[in-house]
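Novice: Hey, dropping target-v1.csv in here, CSV, C-alpha atoms:
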chain,number,residue,atom,x,y,z
V,29,MET,CA,-61.1,27.0,-12.3
V,30,PRO,CA,-63.8,27.8,-9.7
V,31,GLN,CA,-65.2,30.4,-12.1
V,32,PHE,CA,-66.6,27.7,-14.3
V,33,ASP,CA,-68.3,25.6,-11.7
V,34,PRO,CA,-72.0,25.9,-12.6
V,35,THR,CA,-73.2,24.7,-9.2
V,36,THR,CA,-72.2,28.0,-7.6
V,37,PHE,CA,-74.0,30.1,-10.2
V,38,PRO,CA,-77.5,30.1,-8.7
V,39,SER,CA,-76.1,31.3,-5.4
V,40,GLN,CA,-74.0,34.0,-7.0
V,41,ILE,CA,-76.8,35.3,-9.2
V,42,PHE,CA,-79.2,35.3,-6.3
V,43,TRP,CA,-77.0,37.2,-3.9
V,44,LEU,CA,-75.9,39.5,-6.7
V,45,ALA,CA,-79.5,40.4,-7.3
V,46,VAL,CA,-80.2,40.9,-3.6
V,47,SER,CA,-77.2,43.0,-2.9
V,48,PHE,CA,-77.5,45.0,-6.1
V,49,ILE,CA,-81.1,45.9,-5.2
V,50,ALA,CA,-80.0,46.8,-1.7
V,51,LEU,CA,-77.3,49.0,-3.0
V,52,TYR,CA,-79.7,50.5,-5.5
V,53,TRP,CA,-82.0,51.4,-2.6
V,54,VAL,CA,-79.1,53.0,-0.7
V,55,VAL,CA,-78.1,55.1,-3.8
V,56,ALA,CA,-81.6,56.1,-4.9
V,57,ARG,CA,-83.0,56.8,-1.4
V,58,LEU,CA,-79.9,58.0,0.5
V,59,ALA,CA,-76.9,59.0,-1.6
V,60,ILE,CA,-78.5,60.8,-4.5
V,61,PRO,CA,-81.2,62.8,-2.6
V,62,ARG,CA,-78.9,63.9,0.2
V,63,VAL,CA,-75.8,64.7,-1.9
V,64,GLY,CA,-78.0,66.2,-4.7
V,65,GLU,CA,-79.7,68.4,-2.1
V,66,VAL,CA,-76.5,69.7,-0.7
V,67,ILE,CA,-75.1,70.5,-4.1
V,68,GLU,CA,-78.3,72.2,-5.2
V,69,GLN,CA,-78.4,74.2,-2.0
V,70,ARG,CA,-74.9,75.3,-2.4
V,71,ALA,CA,-75.6,76.3,-6.0
V,72,ARG,CA,-78.7,78.2,-4.9
V,73,LEU,CA,-76.7,80.0,-2.1
V,74,VAL,CA,-74.0,81.0,-4.5
V,75,GLN,CA,-76.6,82.3,-7.0
V,76,GLU,CA,-78.4,84.2,-4.2
V,77,ASP,CA,-75.1,85.8,-3.2
V,78,ILE,CA,-74.4,86.7,-6.8
V,79,ASP,CA,-77.9,88.2,-7.1
V,80,ARG,CA,-77.5,90.2,-4.0
V,81,ALA,CA,-74.1,91.4,-5.1
V,82,THR,CA,-75.7,92.5,-8.4
V,83,THR,CA,-78.5,94.3,-6.6
V,84,LEU,CA,-76.1,96.1,-4.3
V,85,LYS,CA,-73.9,97.0,-7.2
V,86,ALA,CA,-76.9,98.5,-9.0
V,87,GLU,CA,-77.7,100.5,-5.8
V,88,THR,CA,-74.1,101.7,-5.5
V,89,ASP,CA,-74.1,102.8,-9.1
V,90,HIS,CA,-77.4,104.6,-8.5
V,91,ALA,CA,-76.0,106.3,-5.4
V,92,ILE,CA,-72.8,107.3,-7.3
V,93,ALA,CA,-74.9,108.7,-10.1
V,94,ALA,CA,-77.1,110.6,-7.6
V,95,TYR,CA,-74.0,111.9,-5.8
V,96,GLU,CA,-72.4,113.1,-9.1
V,97,GLN,CA,-75.7,114.8,-10.1
V,98,ALA,CA,-75.9,116.5,-6.7
V,99,MET,CA,-72.2,117.5,-7.1
V,100,ALA,CA,-72.8,119.0,-10.6
V,101,ASP,CA,-75.9,120.8,-9.4
V,102,ALA,CA,-74.1,122.3,-6.4
V,103,ARG,CA,-71.2,123.3,-8.6
V,104,ALA,CA,-73.5,125.0,-11.1
V,105,GLN,CA,-75.4,126.7,-8.3
V,106,ALA,CA,-72.1,127.9,-6.8
V,107,GLN,CA,-71.0,129.3,-10.2
V,108,ASP,CA,-74.3,131.2,-10.5
V,109,HIS,CA,-73.9,132.5,-7.0
V,110,ILE,CA,-70.3,133.6,-7.7
V,111,ARG,CA,-71.4,135.3,-10.9
V,112,GLY,CA,-74.2,137.1,-9.2
V,113,ILE,CA,-71.9,138.4,-6.4
V,114,ALA,CA,-69.3,139.4,-9.0
V,115,LEU,CA,-71.9,141.4,-10.9
V,116,GLU,CA,-73.1,143.1,-7.6
V,117,ILE,CA,-69.6,143.9,-6.6
V,118,ARG,CA,-68.9,145.5,-10.0
V,119,ALA,CA,-72.1,147.5,-9.8
V,120,VAL,CA,-71.3,148.8,-6.4
V,121,ALA,CA,-67.7,149.6,-7.5
V,122,ASP,CA,-68.9,151.4,-10.6
V,123,LYS,CA,-71.3,153.5,-8.5
V,124,LYS,CA,-68.6,154.3,-6.0
V,125,THR,CA,-66.2,155.2,-8.8
V,126,ALA,CA,-68.8,157.5,-10.4
V,127,GLU,CA,-69.5,159.2,-7.0
V,128,VAL,CA,-65.9,159.7,-6.3
V,129,THR,CA,-65.3,161.0,-9.8
V,130,ALA,CA,-68.2,163.4,-9.5
V,131,THR,CA,-66.9,164.7,-6.1
V,132,VAL,CA,-63.4,165.0,-7.4
V,133,ASN,CA,-64.5,166.8,-10.5
V,134,ALA,CA,-66.6,169.2,-8.4
V,135,GLN,CA,-63.6,169.9,-6.2
V,136,ILE,CA,-61.4,170.4,-9.2
V,137,THR,CA,-63.9,172.9,-10.6
V,138,ASP,CA,-64.1,174.6,-7.3
V,139,ALA,CA,-60.4,174.8,-7.0
V,140,GLU,CA,-60.0,176.1,-10.5
V,141,VAL,CA,-62.5,178.9,-9.6
V,142,ARG,CA,-60.6,179.7,-6.4
V,143,ILE,CA,-57.3,179.7,-8.3
V,144,ALA,CA,-58.7,182.0,-10.9
V,145,LYS,CA,-60.0,184.4,-8.2
V,146,ALA,CA,-56.7,184.3,-6.4
V,147,LYS,CA,-54.9,185.0,-9.6
V,148,THR,CA,-57.2,188.0,-10.3
V,149,ASP,CA,-56.7,189.2,-6.8
V,150,ALA,CA,-53.0,188.8,-7.0
V,151,LEU,CA,-52.9,190.6,-10.3
V,152,ALA,CA,-55.0,193.4,-8.9
V,153,GLY,CA,-52.7,193.7,-5.8
V,154,MET,CA,-49.6,193.7,-8.0
V,155,ARG,CA,-51.0,196.7,-10.1
V,156,THR,CA,-51.5,198.7,-6.9
V,157,MET,CA,-48.1,197.8,-5.6
V,158,ALA,CA,-46.5,198.6,-9.0
V,159,ALA,CA,-48.2,202.0,-9.1
V,160,GLU,CA,-47.0,202.9,-5.6
V,161,THR,CA,-43.5,201.6,-6.3
V,162,ALA,CA,-43.5,203.6,-9.6
V,163,ARG,CA,-44.6,206.8,-7.8
V,164,ASP,CA,-41.9,206.3,-5.1
V,165,VAL,CA,-39.3,205.6,-7.7
V,166,VAL,CA,-40.3,208.7,-9.7
V,167,GLY,CA,-40.4,210.9,-6.5
V,168,LYS,CA,-36.9,209.7,-5.4
V,169,LEU,CA,-35.3,209.9,-8.8
V,170,ALA,CA,-36.9,212.9,-10.3
V,171,ALA,CA,-38.1,214.6,-7.1
V,172,LEU,CA,-41.5,214.8,-8.7
V,173,ALA,CA,-44.9,214.1,-7.2
V,174,PRO,CA,-47.0,212.7,-10.1
V,175,ASP,CA,-50.7,212.4,-9.5
V,176,ALA,CA,-52.2,209.0,-9.0
V,177,GLY,CA,-54.2,209.0,-12.3
V,178,THR,CA,-51.1,209.4,-14.4
V,179,VAL,CA,-49.2,206.7,-12.6
V,180,ASP,CA,-52.1,204.3,-12.8
V,181,ALA,CA,-52.5,204.8,-16.5
V,182,ALA,CA,-48.7,204.3,-17.1
V,183,VAL,CA,-48.7,201.1,-15.0
V,184,ALA,CA,-51.8,199.8,-16.9
V,185,ALA,CA,-50.0,200.5,-20.2
V,186,ALA,CA,-46.9,198.8,-19.0
V,187,LEU,CA,-48.8,195.7,-17.8
V,188,LYS,CA,-50.6,195.5,-21.1
V,189,GLU,CA,-47.3,195.5,-22.9
V,190,THR,CA,-45.9,192.7,-20.8
V,191,ARG,CA,-49.0,190.6,-21.1
I,13,MET,CA,-46.6,26.2,-2.6
I,14,ALA,CA,-49.3,25.6,-0.1
I,15,HIS,CA,-52.0,27.2,-2.2
I,16,GLY,CA,-52.5,27.3,-6.0
I,17,PRO,CA,-53.1,30.7,-7.6
I,18,MET,CA,-56.7,29.7,-8.4
I,19,GLU,CA,-57.7,28.7,-4.9
I,20,GLN,CA,-58.3,32.3,-3.9
I,21,PHE,CA,-61.4,32.2,-6.2
I,22,ASN,CA,-63.0,29.3,-4.5
I,23,ILE,CA,-66.6,29.8,-3.5
I,24,GLU,CA,-67.1,28.6,0.1
I,25,PRO,CA,-70.6,28.3,1.5
I,26,LEU,CA,-70.9,30.0,4.8
I,27,VAL,CA,-74.6,29.4,5.5
I,28,GLY,CA,-76.2,26.6,3.6
I,29,LEU,CA,-79.5,27.5,1.8
I,30,LYS,CA,-81.5,25.5,-0.6
I,31,VAL,CA,-84.7,26.6,-2.3
I,32,GLY,CA,-86.6,24.2,-4.6
I,33,GLY,CA,-83.5,22.3,-5.4
I,34,LEU,CA,-81.4,25.4,-6.1
I,35,ASP,CA,-78.4,26.0,-4.0
I,36,ILE,CA,-78.4,29.6,-3.0
I,37,SER,CA,-76.1,29.3,0.0
I,38,TYR,CA,-74.7,32.5,1.6
I,39,THR,CA,-71.1,32.3,0.4
I,40,ASN,CA,-67.9,34.3,0.8
I,41,SER,CA,-68.8,35.9,-2.5
I,42,ALA,CA,-72.2,37.0,-1.1
I,43,LEU,CA,-70.4,38.2,2.1
I,44,PHE,CA,-68.3,40.5,0.1
I,45,MET,CA,-71.3,41.7,-1.9
I,46,THR,CA,-72.8,42.5,1.5
I,47,PHE,CA,-69.6,44.4,2.5
I,48,ALA,CA,-69.8,46.4,-0.7
I,49,VAL,CA,-73.3,47.4,0.0
I,50,LEU,CA,-72.5,48.2,3.7
I,51,ALA,CA,-69.3,50.2,2.7
I,52,SER,CA,-71.3,52.3,0.3
I,53,PHE,CA,-74.0,52.8,2.8
I,54,LEU,CA,-71.5,53.8,5.5
I,55,VAL,CA,-69.7,56.2,3.2
I,56,PHE,CA,-72.9,58.0,2.1
I,57,PHE,CA,-74.6,57.8,5.5
I,58,THR,CA,-71.7,59.3,7.5
I,59,ALA,CA,-70.8,61.7,4.7
I,60,THR,CA,-74.2,63.2,4.5
I,61,ARG,CA,-75.2,63.1,8.2
I,62,ARG,CA,-74.3,66.7,8.7
I,63,ARG,CA,-74.8,68.4,5.3
I,64,THR,CA,-72.6,71.5,5.4
I,65,MET,CA,-72.2,74.2,2.7
I,66,VAL,CA,-68.4,73.8,3.0
I,67,PRO,CA,-68.0,70.0,2.9
I,68,GLY,CA,-65.7,68.0,5.2
I,69,ARG,CA,-63.5,65.2,4.1
I,70,TRP,CA,-66.2,62.5,3.8
I,71,GLN,CA,-68.7,64.8,2.4
I,72,SER,CA,-66.2,65.8,-0.3
I,73,VAL,CA,-65.7,62.1,-1.2
I,74,ALA,CA,-69.5,61.6,-1.4
I,75,GLU,CA,-69.9,64.8,-3.5
I,76,LEU,CA,-66.9,63.8,-5.7
I,77,LEU,CA,-68.5,60.3,-6.4
I,78,TYR,CA,-71.9,61.9,-7.1
I,79,GLU,CA,-70.5,64.6,-9.4
I,80,PHE,CA,-68.3,62.1,-11.2
I,81,ASN,CA,-71.3,59.8,-12.0
I,82,ALA,CA,-73.7,62.6,-12.7
I,83,GLY,CA,-71.2,64.2,-15.0
I,84,MET,CA,-70.5,60.9,-16.8
I,85,VAL,CA,-74.2,60.3,-17.4
I,86,LYS,CA,-74.9,63.9,-18.4
I,87,ASP,CA,-71.9,64.0,-20.8
I,88,ASN,CA,-72.6,60.6,-22.4
I,89,VAL,CA,-76.4,60.3,-22.3
I,90,GLY,CA,-77.6,63.8,-21.9
I,91,LYS,CA,-80.3,65.3,-19.7
I,92,GLU,CA,-82.7,62.5,-20.4
I,93,GLY,CA,-80.2,60.0,-19.1
I,94,LEU,CA,-80.3,61.5,-15.6
I,95,LYS,CA,-83.2,59.3,-14.6
I,96,TYR,CA,-80.9,56.3,-15.1
I,97,LEU,CA,-78.3,57.9,-12.8
I,98,PRO,CA,-79.3,55.8,-9.8
I,99,PHE,CA,-78.7,52.6,-11.8
I,100,ILE,CA,-75.3,53.8,-13.2
I,101,PHE,CA,-74.3,55.1,-9.8
I,102,THR,CA,-75.2,51.8,-8.2
I,103,LEU,CA,-73.3,49.8,-10.9
I,104,PHE,CA,-70.2,52.0,-10.5
I,105,LEU,CA,-70.2,51.7,-6.7
I,106,PHE,CA,-70.9,48.0,-6.7
I,107,ILE,CA,-68.0,47.2,-9.1
I,108,LEU,CA,-65.7,49.7,-7.5
I,109,PHE,CA,-66.2,48.4,-3.9
I,110,GLY,CA,-66.1,44.8,-5.2
I,111,ASN,CA,-62.8,45.4,-6.9
I,112,ILE,CA,-61.3,47.3,-4.0
I,113,LEU,CA,-62.5,45.0,-1.2
I,114,GLY,CA,-61.1,42.1,-3.3
I,115,LEU,CA,-57.6,43.6,-3.0
I,116,MET,CA,-57.8,43.7,0.8
I,117,PRO,CA,-55.9,40.9,2.6
I,118,TYR,CA,-58.2,37.9,2.8
I,119,GLY,CA,-60.5,39.7,0.5
I,120,PHE,CA,-62.6,38.1,-2.1
I,121,ALA,CA,-63.2,39.8,-5.5
I,122,PHE,CA,-66.7,38.8,-6.6
I,123,THR,CA,-66.0,40.7,-9.9
I,124,SER,CA,-63.4,38.1,-10.7
I,125,HIS,CA,-66.3,35.6,-11.3
I,126,ILE,CA,-67.6,35.7,-14.8
I,127,ILE,CA,-71.1,34.8,-13.8
I,128,VAL,CA,-71.5,38.0,-11.7
I,129,ASN,CA,-70.2,40.2,-14.5
I,130,ALA,CA,-72.1,38.3,-17.2
I,131,SER,CA,-75.4,38.7,-15.2
I,132,LEU,CA,-74.8,42.5,-14.8
I,133,ALA,CA,-73.8,42.8,-18.5
I,134,LEU,CA,-76.8,40.8,-19.7
I,135,PHE,CA,-79.1,42.8,-17.5
I,136,ILE,CA,-77.7,46.0,-19.0
I,137,PHE,CA,-77.9,44.5,-22.6
I,138,VAL,CA,-81.5,43.4,-22.2
I,139,SER,CA,-82.6,46.7,-20.5
I,140,VAL,CA,-80.9,48.8,-23.1
I,141,THR,CA,-82.6,46.8,-25.9
I,142,ILE,CA,-86.0,47.2,-24.2
I,143,ILE,CA,-85.4,50.9,-23.7
I,144,GLY,CA,-84.4,51.3,-27.4
I,145,PHE,CA,-87.5,49.5,-28.7
I,146,ALA,CA,-89.8,51.2,-26.3
I,147,ARG,CA,-88.5,54.7,-27.3
I,148,HIS,CA,-88.1,54.1,-31.1
I,149,GLY,CA,-90.2,51.0,-31.9
I,150,LEU,CA,-88.9,49.2,-35.0
I,151,HIS,CA,-86.9,52.3,-35.9
I,152,TYR,CA,-84.4,51.1,-33.3
I,153,PHE,CA,-83.1,48.7,-36.0
I,154,SER,CA,-81.7,51.8,-37.8
I,155,LEU,CA,-79.0,51.6,-35.1
I,156,LEU,CA,-77.6,48.7,-37.2
I,157,CYS,CA,-77.4,50.7,-40.4
I,158,PRO,CA,-76.4,54.4,-40.3
I,159,LYS,CA,-78.4,56.7,-42.5
I,160,GLY,CA,-77.0,57.2,-46.1
I,161,THR,CA,-75.0,54.0,-46.2
I,162,PRO,CA,-74.7,52.8,-49.8
I,163,LEU,CA,-76.2,49.3,-50.4
I,164,PRO,CA,-73.0,47.4,-51.1
I,165,VAL,CA,-71.4,48.8,-47.9
I,166,ALA,CA,-74.6,48.1,-46.0
I,167,LEU,CA,-74.5,44.5,-47.0
I,168,VAL,CA,-71.2,44.1,-45.2
I,169,LEU,CA,-71.9,46.7,-42.5
I,170,VAL,CA,-75.2,45.4,-41.2
I,171,PRO,CA,-73.9,41.9,-40.3
I,172,ILE,CA,-70.9,43.5,-38.6
I,173,GLU,CA,-73.1,45.9,-36.6
I,174,ILE,CA,-75.4,43.1,-35.6
I,175,MET,CA,-72.4,41.1,-34.4
I,176,SER,CA,-71.0,44.1,-32.5
I,177,TYR,CA,-74.3,44.7,-30.9
I,178,PHE,CA,-74.6,41.1,-29.6
I,179,ILE,CA,-71.0,41.0,-28.6
I,180,ARG,CA,-71.5,43.9,-26.2
I,181,PRO,CA,-72.5,41.9,-23.1
I,182,VAL,CA,-69.7,39.5,-23.8
I,183,SER,CA,-66.9,42.1,-24.1
I,184,LEU,CA,-68.4,44.1,-21.2
I,185,SER,CA,-68.3,41.1,-18.8
I,186,LEU,CA,-65.1,39.5,-20.1
I,187,ARG,CA,-63.1,42.8,-19.8
I,188,LEU,CA,-63.8,43.1,-16.1
I,189,PHE,CA,-63.4,39.4,-15.5
I,190,ALA,CA,-60.1,39.1,-17.3
I,191,ASN,CA,-58.7,42.2,-15.6
I,192,MET,CA,-59.6,41.0,-12.1
I,193,LEU,CA,-58.6,37.4,-12.7
I,194,ALA,CA,-55.2,38.3,-14.2
I,195,GLY,CA,-54.4,40.8,-11.5
I,196,HIS,CA,-55.2,38.5,-8.6
I,197,VAL,CA,-53.4,35.5,-10.2
I,198,LEU,CA,-50.4,37.7,-10.8
I,199,LEU,CA,-50.4,38.9,-7.2
I,200,LYS,CA,-50.7,35.4,-5.9
I,201,VAL,CA,-47.9,34.0,-8.1
I,202,LEU,CA,-45.6,36.9,-7.2
I,203,ALA,CA,-46.4,36.5,-3.5
I,204,GLY,CA,-45.7,32.8,-3.8
I,205,PHE,CA,-42.2,33.6,-5.2
I,206,VAL,CA,-41.5,35.7,-2.1
I,207,VAL,CA,-41.8,32.5,0.0
I,208,THR,CA,-40.0,30.3,-2.5
I,209,LEU,CA,-37.0,32.5,-2.9
I,210,GLY,CA,-36.7,32.9,0.9
I,211,LEU,CA,-34.8,35.6,2.8
I,212,LEU,CA,-32.0,36.1,0.3
I,213,PHE,CA,-33.9,37.0,-2.9
I,214,GLY,CA,-37.4,37.2,-1.6
I,215,TRP,CA,-37.4,41.0,-1.5
I,216,VAL,CA,-37.4,41.2,-5.4
I,217,PRO,CA,-40.9,39.7,-5.9
I,218,LEU,CA,-42.0,41.5,-2.7
I,219,VAL,CA,-41.2,44.9,-4.4
I,220,ALA,CA,-43.0,43.6,-7.5
I,221,VAL,CA,-46.0,42.7,-5.4
I,222,PHE,CA,-46.0,46.2,-3.9
I,223,GLY,CA,-45.9,47.8,-7.4
I,224,VAL,CA,-48.5,45.4,-8.8
I,225,THR,CA,-50.8,46.1,-5.9
I,226,LEU,CA,-50.7,49.9,-6.7
I,227,LEU,CA,-51.4,49.0,-10.3
I,228,GLU,CA,-54.3,46.8,-9.3
I,229,ILE,CA,-55.8,49.6,-7.3
I,230,LEU,CA,-55.7,51.7,-10.4
I,231,VAL,CA,-57.2,48.9,-12.5
I,232,ALA,CA,-60.0,48.5,-9.9
I,233,LEU,CA,-60.9,52.1,-10.3
I,234,ILE,CA,-60.5,52.2,-14.1
I,235,GLN,CA,-62.5,49.0,-14.7
I,236,ALA,CA,-65.4,50.2,-12.5
I,237,TYR,CA,-65.3,53.4,-14.6
I,238,VAL,CA,-65.1,51.6,-17.9
I,239,PHE,CA,-68.0,49.3,-17.0
I,240,ALA,CA,-70.2,52.3,-16.0
I,241,LEU,CA,-69.1,54.4,-19.0
I,242,LEU,CA,-69.8,51.7,-21.5
I,243,SER,CA,-73.2,51.2,-20.0
I,244,CYS,CA,-73.8,54.9,-20.5
I,245,ILE,CA,-72.7,54.7,-24.1
I,246,TYR,CA,-75.1,51.8,-24.8
I,247,LEU,CA,-77.8,53.7,-23.0
I,248,ASN,CA,-77.1,56.7,-25.2
I,249,ASP,CA,-77.4,54.6,-28.3
I,250,ALA,CA,-80.8,53.3,-27.1
I,251,ILE,CA,-82.1,56.8,-26.3
I,252,HIS,CA,-80.6,58.8,-29.2
I,253,LEU,CA,-79.8,56.2,-31.8
I,254,HIS,CA,-76.8,57.6,-33.7
Rewrite the coordinates I just gave you, this time as structure tokens.
Specialist:
Amino acid sequence: MPQFDPTTFPSQIFWLAVSFIALYWVVARLAIPRVGEVIEQRARLVQEDIDRATTLKAETDHAIAAYEQAMADARAQAQDHIRGIALEIRAVADKKTAEVTATVNAQITDAEVRIAKAKTDALAGMRTMAAETARDVVGKLAALAPDAGTVDAAVAAALKETR
Amino acid sequence: MAHGPMEQFNIEPLVGLKVGGLDISYTNSALFMTFAVLASFLVFFTATRRRTMVPGRWQSVAELLYEFNAGMVKDNVGKEGLKYLPFIFTLFLFILFGNILGLMPYGFAFTSHIIVNASLALFIFVSVTIIGFARHGLHYFSLLCPKGTPLPVALVLVPIEIMSYFIRPVSLSLRLFANMLAGHVLLKVLAGFVVTLGLLFGWVPLVAVFGVTLLEILVALIQAYVFALLSCIYLNDAIHLH
């Protein structure tokens, strides 16, 4: 077996040492720094992106909160405004209603006065007319000519009875 | 058969070199060690020439190898182990490329030579022992006797632990050596059958060679991983005791 030929051992050990040291140099000086750097850089980049995303998310949350606050404020303000306007409208309406009611009441009172007067006038007219009609009827039926005083008294008595 | 199954392991000097009576000729084994270094260099050089955030094919390979080794060291040795990452990474790449290049046609697997594996294993063994004593002083001996062991058990346990400690470099180097040797011999023997059986039945061992080659690629990966992993575990013992 060539593996157990000791004359080849010095050469194998020597070249093993030489090439192993050479490879160690390649690994320590070239492979590990370069590959390590790229992996580290990638990890850093990913971390930076995550950090930025976190910051942006915080900003977004902040903006959403501000928006919601503004929305709530606006809504509250609008409610106040609406309530104020409603109160104003009611006040105006109440005032108008009061005015109209007062006018109408005045007109009603006025009308009642006029009606009462008209009624009095009508009653007065009716008495004169009844007296004349009574005198005519008496004259025609009984051929009498009663004096006005008597007729008036009789009509007044008759009206009192009917009332 | 023109070639015996063991001839593939012959060490042929390519450039003769003698220093002080020692023959350190540049051989086919040394050539493939050089290839392993060059292949690793090329992979990492081309892969990391343009370092992009979204890796291309080669950069993915380089990152995969890096993450694999860094993960192995971190999981088995912890954060303190990361300063030994260059060594473990080198060990893994050296054995991996040695195994894989050995499977190439006309390739030579320098990991199928026990002296190479034994040198690596002994270096790891001695380094780990030095690290252990440097970190813990004489307390490092407590590795051989877990805390709270009753005396009768300890009398049996300590010799076993001592034996298992000193057997580490042997098992570490023999495992890789046996795996590579067996695989290459098997491939050679099966390939010899293809010629012997001729056109009529030669396809049967040919299919077998195909299958065994796939298996050997798997073995090449696994053995490189096992070697590096066991080194990590020994290192962990030296750094953290039990």
Novice: Per residue of chain I within 6 Å of chain V, record the nearest atom pair and its distance in Å to one decimal, counting only C-alpha atoms, with rows in chain order and ascending residue number, as a tab-separated table.
Specialist:
residue	atom	partner	partner_atom	distance
I:Asn22	CA	V:Pro30	CA	5.5
I:Asp35	CA	V:Ser39	CA	5.9
I:Ile36	CA	V:Ser39	CA	3.7
I:Ser37	CA	V:Ser39	CA	5.8
I:Ala42	CA	V:Trp43	CA	5.6
I:Val49	CA	V:Leu51	CA	5.2
I:Phe56	CA	V:Ala59	CA	5.5
I:Met65	CA	V:Arg70	CA	5.9
I:Pro98	CA	V:Ala56	CA	5.4
I:Thr102	CA	V:Tyr52	CA	5.4
I:His125	CA	V:Gln31	CA	5.4
Novice: Could you write out that same residue set with C-alpha atoms as an mmCIF file, in the frame of the given file?
Specialist:
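Saved file part-v9.cif follows:
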data_model
loop_
_atom_site.group_PDB
_atom_site.id
_atom_site.type_symbol
_atom_site.label_atom_id
_atom_site.label_comp_id
_atom_site.auth_asym_id
_atom_site.auth_seq_id
_atom_site.Cartn_x
_atom_site.Cartn_y
_atom_site.Cartn_z
ATOM 1 C CA ASN I 22 -63.000 29.300 -4.500
ATOM 2 C CA ASP I 35 -78.400 26.000 -4.000
ATOM 3 C CA ILE I 36 -78.400 29.600 -3.000
ATOM 4 C CA SER I 37 -76.100 29.300 0.000
ATOM 5 C CA ALA I 42 -72.200 37.000 -1.100
ATOM 6 C CA VAL I 49 -73.300 47.400 0.000
ATOM 7 C CA PHE I 56 -72.900 58.000 2.100
ATOM 8 C CA MET I 65 -72.200 74.200 2.700
ATOM 9 C CA PRO I 98 -79.300 55.800 -9.800
ATOM 10 C CA THR I 102 -75.200 51.800 -8.200
ATOM 11 C CA HIS I 125 -66.300 35.600 -11.300
#
Novice: Could you tell me how far CA of Ile100 (chain I) sits from CA of Val55 (chain I), in Å to one decimal place?
Specialist: 17.5 Å
Novice: Between CA of Thr137 (chain V) and CA of Lys124 (chain V), what distance in Å does the model show, to one decimal?
Specialist: 19.7 Å
Novice: Can you tell me which residues surround Ala59 (chain I) at a distance of at most 9 Å, considering all atoms listed in the file, apart from same-chain residues fewer than 6 positions away, and format the answer as a ChimeraX atom specification?
Specialist: /V:63 /I:67-75
Novice: Expressed in Å to a single decimal, how great is the separation between CA of Leu242 (chain I) and CA of Arg180 (chain I)?
Specialist: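 Answer for the CA of Leu242 (chain I) to CA of Arg180 (chain I) separation: 9.3 Å.
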Novice: Residues within 7 Å of region 149-160 of chain I, please, as JSON, numbers by chain. Count all atoms listed in the file; anything in the same chain fewer than 5 positions from it doesn't count.
Specialist: {"I": [144, 166, 170, 173, 174, 253, 254]}
Novice: Which neighbours of region 231-237 of chain I fall inside 9 Å, counting all atoms listed in the file, when residues of the same chain fewer than 6 positions from it are skipped, and could you give them as a PyMOL selection string?
Specialist: chain I and resi 103-112+115+187-188+191-192+195
